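Below is the file start-v4.txt, which contains compact mmCIF, C-alpha atoms.
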```
# COMPACT_ATOMS: atom_id res chain seq x y z
CA MET H 16 54.61 147.38 107.73
CA ILE H 17 52.59 150.57 107.81
CA ARG H 18 48.98 150.24 106.65
CA SER H 19 47.34 153.01 104.70
CA ASP H 20 45.24 153.87 107.76
CA GLY H 21 48.44 154.53 109.72
CA GLU H 22 48.46 151.35 111.78
CA VAL H 23 51.95 149.91 112.26
CA VAL H 24 52.39 146.12 112.18
CA VAL H 25 55.64 144.49 113.19
CA ASP H 26 56.07 140.83 112.37
CA SER H 27 59.35 138.93 112.39
CA PRO H 28 58.77 135.44 113.81
CA ASN H 29 61.92 133.88 115.21
CA GLY H 30 63.95 136.89 114.13
CA GLY H 31 63.08 136.19 110.49
CA ILE H 32 65.47 133.22 110.39
CA GLU H 33 62.87 131.07 108.63
CA GLY H 34 61.61 133.86 106.40
CA PHE H 35 58.69 136.21 106.79
CA PRO H 36 54.97 135.49 106.56
CA PRO H 37 53.15 136.82 103.49
CA ILE H 38 51.58 140.20 104.05
CA ALA H 39 47.82 139.87 104.32
CA GLU H 40 45.50 142.43 102.62
CA GLU H 41 48.31 143.84 100.58
CA GLY H 42 46.05 146.50 99.09
CA GLY H 43 45.99 148.42 102.36
CA THR H 44 49.77 148.60 102.72
CA LEU H 45 51.41 152.01 102.68
CA ARG H 46 55.06 151.08 103.25
CA THR H 47 56.96 148.00 104.35
CA PHE H 48 60.61 147.73 105.25
CA PHE H 49 63.10 145.80 107.38
CA VAL H 50 64.68 147.18 110.55
CA PRO H 51 67.31 144.79 111.89
CA LYS H 52 67.74 145.32 115.60
CA LEU H 53 70.79 144.42 117.61
CA CYS H 54 72.50 145.55 120.79
CA ASN H 55 73.07 149.29 120.39
CA HIS H 56 76.23 149.27 122.54
CA CYS H 57 75.04 152.42 124.29
CA GLU H 58 77.54 154.83 125.73
CA GLU H 59 75.16 155.36 128.66
CA ALA H 60 74.02 151.75 128.80
CA PRO H 61 71.03 151.09 131.10
CA CYS H 62 72.01 147.43 131.36
CA VAL H 63 75.43 148.33 132.75
CA GLN H 64 73.93 150.71 135.29
CA VAL H 65 71.55 148.12 136.75
CA CYS H 66 73.99 145.22 137.02
CA PRO H 67 74.41 144.62 140.76
CA VAL H 68 77.76 142.80 140.51
CA GLY H 69 79.60 144.50 137.66
CA ALA H 70 79.30 141.50 135.36
CA THR H 71 78.32 143.67 132.40
CA PHE H 72 80.56 146.53 131.42
CA ILE H 73 81.74 148.85 128.68
CA THR H 74 85.25 148.11 127.49
CA ASP H 75 87.77 150.84 126.75
CA ASP H 76 87.01 150.48 123.06
CA GLY H 77 83.27 150.95 123.61
CA ALA H 78 81.74 147.48 123.33
CA VAL H 79 79.22 146.41 125.98
CA LEU H 80 80.07 142.89 127.13
CA VAL H 81 78.89 140.34 129.69
CA ASP H 82 81.29 138.45 131.95
CA GLU H 83 79.68 135.02 131.82
CA GLU H 84 81.70 133.67 134.71
CA TYR H 85 80.73 136.52 137.01
CA CYS H 86 77.08 137.05 136.00
CA ILE H 87 74.68 135.87 138.73
CA GLY H 88 71.74 135.56 136.37
CA CYS H 89 69.44 138.04 138.10
CA GLY H 90 68.00 139.21 134.78
CA TYR H 91 67.90 142.92 135.68
CA CYS H 92 69.74 143.85 132.49
CA VAL H 93 67.25 141.89 130.36
CA GLN H 94 64.50 144.08 131.82
CA ALA H 95 66.50 147.29 131.69
CA CYS H 96 67.46 147.14 128.00
CA PRO H 97 65.08 149.45 126.13
CA TYR H 98 65.93 147.73 122.83
CA GLY H 99 65.15 144.16 123.87
CA ALA H 100 68.67 143.23 122.87
CA ARG H 101 69.47 140.97 125.81
CA TRP H 102 68.30 137.45 126.44
CA PHE H 103 68.71 134.86 129.12
CA ASP H 104 70.78 131.77 128.40
CA PRO H 105 68.55 128.86 129.54
CA GLU H 106 71.51 126.49 129.90
CA LYS H 107 74.21 128.61 131.50
CA HIS H 108 71.70 130.77 133.44
CA VAL H 109 73.50 133.98 132.57
CA ALA H 110 72.55 137.02 130.50
CA ARG H 111 73.74 136.96 126.89
CA LYS H 112 74.03 139.65 124.27
CA CYS H 113 75.60 140.72 121.00
CA THR H 114 79.30 141.32 121.61
CA PHE H 115 79.89 143.17 118.32
CA CYS H 116 81.85 139.95 117.70
CA TYR H 117 84.50 141.20 120.09
CA HIS H 118 86.58 138.06 119.43
CA ARG H 119 86.62 138.93 115.70
CA LEU H 120 87.46 142.60 116.32
CA ALA H 121 90.37 141.45 118.49
CA LYS H 122 91.72 139.59 115.44
CA GLY H 123 91.22 142.55 113.11
CA LYS H 124 88.09 141.23 111.41
CA VAL H 125 84.64 142.82 111.11
CA PRO H 126 81.63 141.33 112.96
CA ALA H 127 80.11 138.23 111.37
CA CYS H 128 76.86 140.01 110.49
CA VAL H 129 78.82 142.64 108.56
CA GLU H 130 80.94 139.94 106.92
CA VAL H 131 78.00 137.98 105.52
CA CYS H 132 75.40 140.70 104.82
CA PRO H 133 74.72 139.97 101.12
CA THR H 134 73.67 143.52 100.28
CA SER H 135 76.37 145.32 102.30
CA ALA H 136 73.62 147.00 104.29
CA ARG H 137 75.82 146.93 107.38
CA LEU H 138 78.96 148.94 107.85
CA PHE H 139 81.39 148.67 110.73
CA GLY H 140 84.06 151.10 111.84
CA GLU H 141 85.44 153.18 114.64
CA VAL H 142 83.07 155.91 115.80
CA GLY H 143 84.71 159.32 115.98
CA HIS H 144 87.55 158.29 113.70
CA ARG H 145 87.56 160.71 110.80
CA ALA H 146 89.01 158.77 107.89
CA ASN H 147 87.10 155.51 107.55
CA PRO H 148 84.16 154.32 105.47
CA LEU H 149 81.84 154.57 108.47
CA ALA H 150 82.67 158.24 109.08
CA ARG H 151 82.08 158.94 105.40
CA PHE H 152 78.75 157.11 105.54
CA LEU H 153 77.69 159.07 108.62
CA ARG H 154 78.54 162.35 106.90
CA PHE H 155 76.67 161.61 103.70
CA ASN H 156 73.46 160.07 105.06
CA GLU H 157 70.54 161.06 107.22
CA ILE H 158 71.46 159.27 110.45
CA GLN H 159 69.10 158.29 113.25
CA VAL H 160 69.39 156.19 116.37
CA LEU H 161 66.70 154.14 118.08
CA LYS H 162 64.86 155.82 121.00
CA PRO H 163 66.98 158.99 121.08
CA HIS H 164 64.81 160.47 123.86
CA LEU H 165 66.25 157.93 126.33
CA ASN H 166 69.66 159.55 125.93
CA THR H 167 71.43 156.20 125.90
CA LYS H 168 73.80 157.41 123.15
CA PRO H 169 73.75 154.27 121.00
CA LYS H 170 76.73 153.37 118.83
CA VAL H 171 74.48 151.62 116.29
CA PHE H 172 73.30 154.10 113.67
CA TYR H 173 70.54 153.77 111.11
CA ALA H 174 70.40 155.65 107.82
CA ASN H 175 67.05 156.84 106.46
CA LEU H 176 65.11 155.31 109.32
CA ASP H 177 61.36 155.69 109.05
CA GLY H 178 59.70 157.98 111.60
CA GLU H 179 57.38 155.17 112.64
CA VAL H 180 60.29 153.07 113.92
CA ARG H 181 60.70 153.31 117.64
CA MET K 22 94.64 155.55 177.09
CA PRO K 23 91.33 154.44 178.60
CA GLN K 24 90.80 150.70 178.55
CA GLN K 25 87.46 150.92 176.70
CA VAL K 26 89.10 152.77 173.79
CA VAL K 27 91.78 150.08 173.50
CA ARG K 28 89.10 147.34 173.48
CA LEU K 29 87.12 149.24 170.87
CA GLY K 30 90.27 149.61 168.77
CA ILE K 31 90.98 145.88 168.99
CA ALA K 32 87.36 145.08 168.00
CA PHE K 33 87.59 147.44 165.01
CA ALA K 34 90.95 146.01 163.95
CA GLY K 35 89.50 142.50 164.16
CA LEU K 36 86.49 143.52 162.07
CA ALA K 37 88.75 145.21 159.53
CA ILE K 38 90.88 142.06 159.21
CA VAL K 39 87.78 139.89 158.76
CA PHE K 40 86.45 142.35 156.15
CA MET K 41 89.77 142.34 154.26
CA ALA K 42 89.93 138.54 154.33
CA VAL K 43 86.34 138.15 153.10
CA ARG K 44 86.92 140.74 150.38
CA GLN K 45 90.12 139.02 149.31
CA THR K 46 88.30 135.73 148.74
CA LEU K 47 85.09 137.06 147.22
CA VAL K 48 86.33 139.74 144.80
CA PRO K 49 87.82 138.17 141.66
CA ASP K 50 91.48 138.70 140.87
CA THR K 51 91.41 141.31 138.15
CA PHE K 52 88.26 143.10 139.30
CA GLY K 53 88.57 146.87 139.17
CA GLU K 54 91.78 147.02 137.14
CA ALA K 55 90.10 148.78 134.22
CA GLY K 56 86.74 149.70 135.73
CA HIS K 57 83.92 148.19 137.71
CA TYR K 58 84.39 144.79 136.10
CA ARG K 59 86.72 141.81 135.87
CA ALA K 60 89.45 142.85 133.42
CA ALA K 61 90.27 139.22 132.58
CA ALA K 62 86.75 138.81 131.14
CA VAL K 63 87.68 141.00 128.18
CA ASP K 64 90.51 138.64 127.26
CA SER K 65 88.35 135.53 127.66
CA ILE K 66 85.66 137.04 125.40
CA ALA K 67 88.28 138.09 122.88
CA ALA K 68 89.54 134.50 122.83
CA PHE K 69 86.23 133.03 121.62
CA PRO K 70 86.80 130.77 118.60
CA LEU K 71 86.13 132.21 115.15
CA GLN K 72 83.24 130.73 113.17
CA TYR K 73 83.46 132.83 110.00
CA ALA K 74 86.80 132.83 108.23
CA GLY K 75 86.05 135.91 106.10
CA HIS K 76 86.07 136.23 102.34
CA GLU K 77 89.80 136.95 102.15
CA ALA K 78 90.47 133.45 103.42
CA CYS K 79 88.42 131.93 100.57
CA THR K 80 90.18 133.96 97.89
CA THR K 81 93.55 132.47 98.77
CA CYS K 82 92.64 128.96 97.57
CA HIS K 83 89.50 129.33 95.45
CA ARG K 84 90.76 132.02 93.12
CA PRO K 85 88.94 131.12 89.86
CA ILE K 86 85.54 130.91 91.49
CA THR K 87 85.99 134.09 93.57
CA GLU K 88 87.13 135.96 90.46
CA LYS K 89 84.08 134.74 88.58
CA LYS K 90 81.82 135.76 91.46
CA GLY K 91 83.67 139.06 91.84
CA THR K 92 82.46 140.33 88.48
CA SER K 93 78.92 138.95 88.75
CA ASN K 94 75.70 140.18 90.34
CA HIS K 95 76.72 138.31 93.47
CA SER K 96 80.02 140.17 93.84
CA GLY K 97 78.91 141.64 97.18
CA VAL K 98 77.73 138.29 98.52
CA SER K 99 80.41 136.78 100.71
CA CYS K 100 81.11 133.05 100.21
CA GLU K 101 80.00 132.24 103.74
CA VAL K 102 76.54 133.73 103.14
CA CYS K 103 75.61 130.56 101.24
CA HIS K 104 78.28 128.08 102.31
CA GLY K 105 77.96 128.80 106.02
CA PRO K 106 80.64 129.58 108.61
CA ALA K 107 83.85 128.04 107.33
CA ALA K 108 86.60 128.90 109.80
CA GLU K 109 87.11 125.19 110.47
CA HIS K 110 87.40 124.53 106.76
CA ALA K 111 89.97 127.32 106.44
CA THR K 112 92.19 125.73 109.09
CA ALA K 113 91.66 122.11 107.96
CA PRO K 114 90.68 122.30 104.27
CA GLY K 115 91.02 118.59 103.67
CA SER K 116 88.93 117.19 106.50
CA VAL K 117 86.10 119.75 106.96
CA LYS K 118 84.04 120.64 103.88
CA PRO K 119 81.51 123.50 104.00
CA PRO K 120 78.03 122.62 102.71
CA ALA K 121 76.72 123.89 99.37
CA PRO K 122 72.97 124.52 99.56
CA ARG K 123 71.37 123.12 96.43
CA GLU K 124 67.77 122.73 97.58
CA ARG K 125 65.05 125.08 96.38
CA GLY K 126 64.25 126.50 99.77
CA PHE K 127 67.55 128.33 100.10
CA CYS K 128 67.64 130.99 97.39
CA PRO K 129 64.12 132.35 98.16
CA MET K 130 65.43 133.35 101.61
CA CYS K 131 66.72 136.40 99.73
CA HIS K 132 64.96 136.14 96.38
CA GLY K 133 61.44 135.15 97.42
CA TYR K 134 58.97 137.98 96.91
CA ASN K 135 58.66 140.23 99.94
CA ALA K 136 57.13 143.70 99.69
CA SER K 137 59.81 145.06 102.03
CA ARG K 138 62.64 144.24 99.65
CA PRO K 139 63.86 147.11 97.47
CA SER K 140 62.14 147.43 94.11
CA GLY K 141 64.48 146.23 91.39
CA PHE K 142 65.90 143.49 93.62
CA PRO K 143 65.30 140.19 91.76
CA GLN K 144 62.42 138.42 93.48
CA ILE K 145 60.28 135.44 92.52
CA ASP K 146 57.24 133.64 93.82
CA PRO K 147 58.72 130.24 94.78
CA VAL K 148 55.35 128.53 94.30
CA ALA K 149 54.83 129.69 90.72
CA HIS K 150 58.42 130.05 89.52
CA ASN K 151 59.51 126.65 88.14
CA PRO K 152 58.41 124.60 91.12
CA THR K 153 60.40 121.42 91.90
CA VAL K 154 63.45 122.43 89.85
CA PRO K 155 66.51 123.42 91.92
CA CYS K 156 67.49 127.05 91.24
CA MET K 157 70.95 125.93 90.09
CA THR K 158 69.43 124.23 87.03
CA CYS K 159 68.92 127.60 85.36
CA HIS K 160 70.96 130.06 87.48
CA ASP K 161 74.64 129.76 88.32
CA PRO K 162 74.90 130.95 91.92
CA HIS K 163 78.44 132.23 91.33
CA ALA K 164 77.34 134.33 88.33
CA PRO K 165 73.56 134.58 88.42
CA GLU K 166 71.82 135.83 85.32
CA PRO K 167 68.21 135.43 84.24
CA PRO K 168 67.86 132.80 81.48
CA VAL K 169 67.91 134.40 78.04
CA ILE K 170 64.99 133.91 75.64
CA PRO K 171 66.29 134.40 72.10
CA GLY K 172 65.32 137.92 71.05
CA ALA K 173 64.76 136.73 67.50
CA CYS K 174 61.85 134.49 68.55
CA ARG K 175 60.56 136.70 71.37
CA ALA K 176 60.08 139.65 69.00
CA CYS K 177 57.01 137.96 67.52
CA HIS K 178 56.23 135.13 69.96
CA GLY K 179 56.35 137.18 73.15
CA GLN K 180 53.49 135.43 74.90
CA ILE K 181 54.95 131.98 74.29
CA ALA K 182 58.40 133.20 75.34
CA SER K 183 57.21 134.65 78.64
CA GLN K 184 55.11 131.58 79.36
CA LYS K 185 58.04 129.30 78.67
CA ALA K 186 60.33 131.49 80.79
CA VAL K 187 58.48 130.51 83.97
CA SER K 188 57.95 126.86 83.04
CA HIS K 189 60.02 123.70 83.47
CA HIS K 190 61.18 124.18 79.90
CA ALA K 191 62.69 127.62 80.61
CA THR K 192 66.24 126.58 79.81
CA LEU K 193 65.42 124.95 76.47
CA PRO K 194 66.15 127.17 73.48
CA CYS K 195 63.25 127.36 70.99
CA LEU K 196 65.39 125.55 68.43
CA THR K 197 65.59 122.44 70.60
CA CYS K 198 62.12 121.50 69.40
CA HIS K 199 61.49 123.79 66.41
CA GLU K 200 63.43 123.86 63.16
CA ALA K 201 63.29 127.46 61.99
CA PRO K 202 64.91 128.17 58.64
CA ASP K 203 66.33 131.68 58.24
CA GLU K 204 63.66 132.46 55.63
CA HIS K 205 61.04 132.16 58.40
CA LYS K 206 62.21 135.52 59.72
CA ALA K 207 61.77 137.20 56.32
CA THR K 208 58.50 135.58 55.29
CA PRO K 209 57.06 134.14 58.48
CA ARG K 210 53.78 132.98 56.98
CA LEU K 211 55.21 131.34 53.87
CA ILE K 212 58.11 129.49 55.47
CA ARG K 213 56.82 127.86 58.66
CA PRO K 214 59.10 126.50 61.38
CA GLY K 215 58.98 122.81 62.08
CA LYS K 216 57.26 121.18 65.04
CA PRO K 217 57.93 117.78 66.55
CA ASP K 218 55.39 115.29 65.27
CA THR K 219 56.15 112.05 67.08
CA ARG K 220 55.87 110.83 70.66
CA ASP K 221 59.45 109.68 70.44
CA PHE K 222 60.65 113.29 70.18
CA CYS K 223 59.44 114.01 73.74
CA GLY K 224 60.61 110.54 74.68
CA GLY K 225 64.13 111.67 73.84
CA CYS K 226 64.18 113.32 77.28
CA HIS K 227 61.19 111.82 79.09
CA ALA K 228 61.39 108.11 78.25
CA GLU K 229 62.62 105.82 80.98
CA ALA K 230 65.72 104.88 79.02
CA ALA K 231 66.54 108.49 77.98
CA ALA K 232 70.03 109.77 78.71
CA SER K 233 68.82 113.09 80.20
CA PRO K 234 69.45 114.48 83.73
CA SER K 235 67.71 112.54 86.46
CA HIS K 236 65.45 115.38 87.71
CA ILE K 237 63.49 115.30 84.43
CA PRO K 238 60.20 113.40 84.92
CA ARG K 239 60.11 109.95 83.25
CA ILE K 240 57.20 107.99 81.80
CA ASP K 241 56.79 104.53 80.31
CA MET K 242 56.38 105.33 76.62
CA SER K 243 54.59 102.04 75.87
CA THR K 244 51.74 102.48 78.38
CA HIS K 245 51.56 106.21 79.17
CA GLY K 246 49.02 108.30 77.27
CA ASP K 247 47.08 105.48 75.61
CA GLY K 248 48.30 106.29 72.09
CA TYR K 249 47.59 110.04 72.25
CA LEU K 250 50.28 112.46 71.17
CA CYS K 251 52.13 114.18 74.05
CA TRP K 252 50.93 117.72 73.24
CA GLN K 253 47.29 116.64 73.18
CA CYS K 254 47.50 116.57 77.00
CA HIS K 255 50.67 118.56 77.87
CA TYR K 256 51.29 122.11 76.64
CA PRO K 257 55.01 122.04 75.73
CA HIS K 258 55.56 125.75 76.48
CA HIS K 259 54.24 125.32 80.00
CA PRO K 260 54.27 121.59 80.73
CA GLY K 261 53.19 121.99 84.37
CA SER K 262 49.84 123.56 83.51
CA GLU K 263 46.64 121.49 83.30
```
Is it possible to express this structure as structure tokens?
Amino acid sequence: MIRSDGEVVVDSPNGGIEGFPPIAEEGGTLRTFFVPKLCNHCEEAPCVQVCPVGATFITDDGAVLVDEEYCIGCGYCVQACPYGARWFDPEKHVARKCTFCYHRLAKGKVPACVEVCPTSARLFGEVGHRANPLARFLRFNEIQVLKPHLNTKPKVFYANLDGEVR
Amino acid sequence: MPQQVVRLGIAFAGLAIVFMAVRQTLVPDTFGEAGHYRAAAVDSIAAFPLQYAGHEACTTCHRPITEKKGTSNHSGVSCEVCHGPAAEHATAPGSVKPPAPRERGFCPMCHGYNASRPSGFPQIDPVAHNPTVPCMTCHDPHAPEPPVIPGACRACHGQIASQKAVSHHATLPCLTCHEAPDEHKATPRLIRPGKPDTRDFCGGCHAEAAASPSHIPRIDMSTHGDGYLCWQCHYPHHPGSE
């Protein structure tokens, strides 16, 4: 939410799973919008660079994954991720992350979040492939990525992202 | 060759063998095959079990309902959005049944008012919009449409129509309670529509013995209200209001 005095307020308790709190002082609101954040599957992934054992890696097809059996649970990648997309599994004591539903991709399906998004706000496809709906979407929309100045080259793109989003 | 060089060579060879042995045991089997990682991890991640079957799987068996949904406002909403991950159901349709959310809290996850939602997206205030009634009473989740107020009545009785539209009585057509002869439309002041005039009319739905759906509130007609007529205390177009 952006207030009319320019102050930016971000509020999504528990990832918004149980809904969002009502916006207080609605009169002073300039704009409000949702920005779903997930692992950006960076081409130059900071989390992969800091892993001391090679437990996190970029596959040939571009997904950033964690080898749960090999991860030593040092937590460097959790700190290194500029998007806050990694978390620590309290039971297995390993780092966890979005896999782009790699197990679904392997079976020719789209990620679960794309499958169930009720407004089709998410689109999945092969980056750099010319003839697919994603390529068409990228051509016809204003496309931004999160934190472009870090040069992480994310593979998650946002259309019509507000300038206030960092 | 000088003896010290031979000894040094033996020491180095021994160290190299120890290093190779340690490396052999510590480095996992497939490490480094595709990059600086364990190549077998990719296969184990790819073998995770599916949770979501995908909408194509539903269409195969549930054709009538997917066709109905496919032409409705919910055409873009995948079955598993509401019914939850159903991969298990798709493999064992008889033994595992996906849940169907019927409680009121579920629909406002998308349709509760939130300023961040696009304008034009149907949103309600769950507190004011027909509280206590499950959404399904008025809206079919597989083909959701707003309940229709008859245009013929609304044209003149707009205030009553919009009040009724957000009340418990939203689904009742005006003619459930009022008898309106066709002449009422031509000469509204001369030919008046009928109104219920007995307690038993309301009792038709609200009496304890009434054959109406169970979510409708019931009262004991013999003791409730102390002989007053129902509409002396309850406003029929917005029964929840005080």
Define the interface residues of chain H facing chain K as those within 6 Å, counting all atoms listed in the file, and report them as a PDB file with C-alpha atoms, in the frame of the given file.
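Final output, saved to part_34.pdb:
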```
ATOM      1  CA  THR H  47      56.960 148.000 104.350  1.00  0.00           C
ATOM      2  CA  PHE H  48      60.610 147.730 105.250  1.00  0.00           C
ATOM      3  CA  GLY H  69      79.600 144.500 137.660  1.00  0.00           C
ATOM      4  CA  ASP H  82      81.290 138.450 131.950  1.00  0.00           C
ATOM      5  CA  TYR H 117      84.500 141.200 120.090  1.00  0.00           C
ATOM      6  CA  HIS H 118      86.580 138.060 119.430  1.00  0.00           C
ATOM      7  CA  ALA H 121      90.370 141.450 118.490  1.00  0.00           C
ATOM      8  CA  VAL H 131      78.000 137.980 105.520  1.00  0.00           C
ATOM      9  CA  PRO H 133      74.720 139.970 101.120  1.00  0.00           C
TER      10      PRO H 133
END
```
Measure the distance from CA of Pro147 in chain K to CA of Ile240 in chain K in Å and round it to one decimal.
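Separation between CA of Pro147 in chain K and CA of Ile240 in chain K: 25.8 Å.
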inquiry  = I'd like to know which of K:Val148, K:Ala111, K:Ala173, K:Met242 is closest to Leu196 in chain K, using only C-alpha atoms.
reply    =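 Among K:Val148, K:Ala111, K:Ala173, K:Met242, it is K:Ala173 that comes nearest to Leu196 in chain K.
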**Message:** Using all atoms listed in the file, which protein or nucleic acid residues come within 8 Å of Gly90 in chain H? Drop anything in the same chain fewer than 6 positions from it, and give the result as a ChimeraX atom specification.
**Reply:** /H:103,109-110
* To do: Show which residues sit within 10 Å of His236 in chain K, as a PyMOL selection string. Count all atoms listed in the file, and ignore same-chain residues fewer than 4 positions away.
  => chain K and resi 153-155+158
| query | CA of Ala231 in chain K and CA of Gly126 in chain K are how many Å apart? | reply |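 Here the two named atoms are 28.4 Å from each other.
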Q: May I ask for the distance between CA of Glu84 in chain H and CA of Ala42 in chain K, given in Å to one decimal place?
A: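 Separation between CA of Glu84 in chain H and CA of Ala42 in chain K: 21.8 Å.
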Problem set entry | Among listed residues K:Gly141, K:His163, K:Pro257, K:Lys185, nearest Glu88 in chain K (using only C-alpha atoms) |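 Using only C-alpha atoms, the shortest distance to Glu88 in chain K belongs to K:His163.
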Name the residues in contact with range 143-156 of chain H at a cut-off of 9 Å, using only C-alpha atoms, excluding same-chain residues fewer than 2 positions from it; report them as a compact mmCIF listing (two decimals) with C-alpha atoms, keeping the file's coordinate frame.
```txt
# COMPACT_ATOMS: atom_id res chain seq x y z
CA LEU H 138 78.96 148.94 107.85
CA PHE H 139 81.39 148.67 110.73
CA GLY H 140 84.06 151.10 111.84
CA GLU H 141 85.44 153.18 114.64
CA ILE H 158 71.46 159.27 110.45
CA PHE H 172 73.30 154.10 113.67
CA ALA H 174 70.40 155.65 107.82
CA ASN H 175 67.05 156.84 106.46
```
Give the padded box for range 41-50 of chain K as JSON: axis-aligned, covering all atoms listed in the file, 3 Å on each side, centre and edge lengths in Å to one decimal.
```
{"center_x": 88.3, "center_y": 139.0, "center_z": 147.6, "size_x": 12.4, "size_y": 12.6, "size_z": 19.5}
```
Leaving out Val68 in chain H and any residue of its chain fewer than 6 positions from it, which residues lie within 8 Å of it when counting all atoms listed in the file, given as an mmCIF file with C-alpha atoms, keeping the file's coordinate frame?
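Produced file part08.cif, reproduced below:
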```
data_model
loop_
_atom_site.group_PDB
_atom_site.id
_atom_site.type_symbol
_atom_site.label_atom_id
_atom_site.label_comp_id
_atom_site.auth_asym_id
_atom_site.auth_seq_id
_atom_site.Cartn_x
_atom_site.Cartn_y
_atom_site.Cartn_z
ATOM 1 C CA TYR H 85 80.730 136.520 137.010
ATOM 2 C CA CYS H 86 77.080 137.050 136.000
ATOM 3 C CA ILE H 87 74.680 135.870 138.730
#
```
